[in-house]
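Student: Here it is, the structure, as structure tokens.
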Amino acid sequence: MADALLRRLMILQRLPEYPRKTTSRQLLEALELEGIHCSMRTVQRDLDCLSASGLFGIGADTDSKPVGWYWMA
């Protein structure tokens, strides 16, 4: 539980403000540099969970491949 919370907080810290975007791959690489080892799918699930919670103003450009994630203005 504490690992997931820390990982999600680190993801939130690394999201840029719109119109800049970051990808799941970039977030995974940033986490690995900080010593957090997880799978790409875990990062994707975390982003989906954080976005769906409605607690954060997180947006995703689902029209682009790969999907770009950002803080909404």
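Each chain in the structure tokens gets a letter, A, B and so on, in the order shown; residues start at 1 in every chain, and ligands are counted from 1 in the order they appear.
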Which residues are near A:Thr42? Cut-off 10 Å, only C-alpha atoms, ignore same chain within fewer than 6 positions. Put them as an NGL selection string.
Tutor: :A and (4 or 7 or 24 or 28 or 48)
Student: Taking the chain letters and numbering used in this document, name the residues of chain A that DSSP puts in helix (DSSP H, G or I), as a VMD selection string.
Tutor: chain A and resid 2 to 13 24 to 33 40 to 53
Student: Would you please extract all strand (DSSP E or B) residues from chain A, as assigned by DSSP on the backbone, and give them as a VMD selection string?
Tutor: chain A and resid 17 22 58 to 61 68 to 71
Student: Take the residues from that selection and put them in a file with C-alpha atoms, as an mmCIF file, in the first residue's frame.
Tutor:
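Result saved to selection04.cif:
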```cif
data_model
loop_
_atom_site.group_PDB
_atom_site.id
_atom_site.type_symbol
_atom_site.label_atom_id
_atom_site.label_comp_id
_atom_site.auth_asym_id
_atom_site.auth_seq_id
_atom_site.Cartn_x
_atom_site.Cartn_y
_atom_site.Cartn_z
ATOM 1 C CA GLU A 17 0.918 21.426 -17.170
ATOM 2 C CA THR A 22 4.320 13.172 -20.850
ATOM 3 C CA ILE A 58 -5.439 15.130 -14.819
ATOM 4 C CA GLY A 59 -6.093 14.958 -18.528
ATOM 5 C CA ALA A 60 -5.010 12.612 -21.282
ATOM 6 C CA ASP A 61 -4.638 13.176 -25.000
ATOM 7 C CA GLY A 68 0.039 12.077 -23.426
ATOM 8 C CA TRP A 69 -0.790 12.875 -19.797
ATOM 9 C CA TYR A 70 -0.899 16.343 -18.197
ATOM 10 C CA TRP A 71 -2.335 18.616 -15.517
#
```
Student: Considering only C-alpha atoms, return as a PyMOL selection string whatever protein or nucleic-acid residues lie within 12 Å of A:Leu31, sequence-local ones (same chain, fewer than 4 positions apart) excluded.
Tutor: chain A and resi 3+6-14+24-27+35-40+42-43
Student: For a test of reading the model, state the distance in Å between atom CA of A:Pro19 and atom CA of A:Glu34, rounded to one decimal.
Tutor: 25.4 Å
Student: Which is closer to A:Thr23 than all the others in A:Asp63, A:Phe56, A:Ala73, A:Gln44, using only C-alpha atoms?
Tutor: A:Gln44
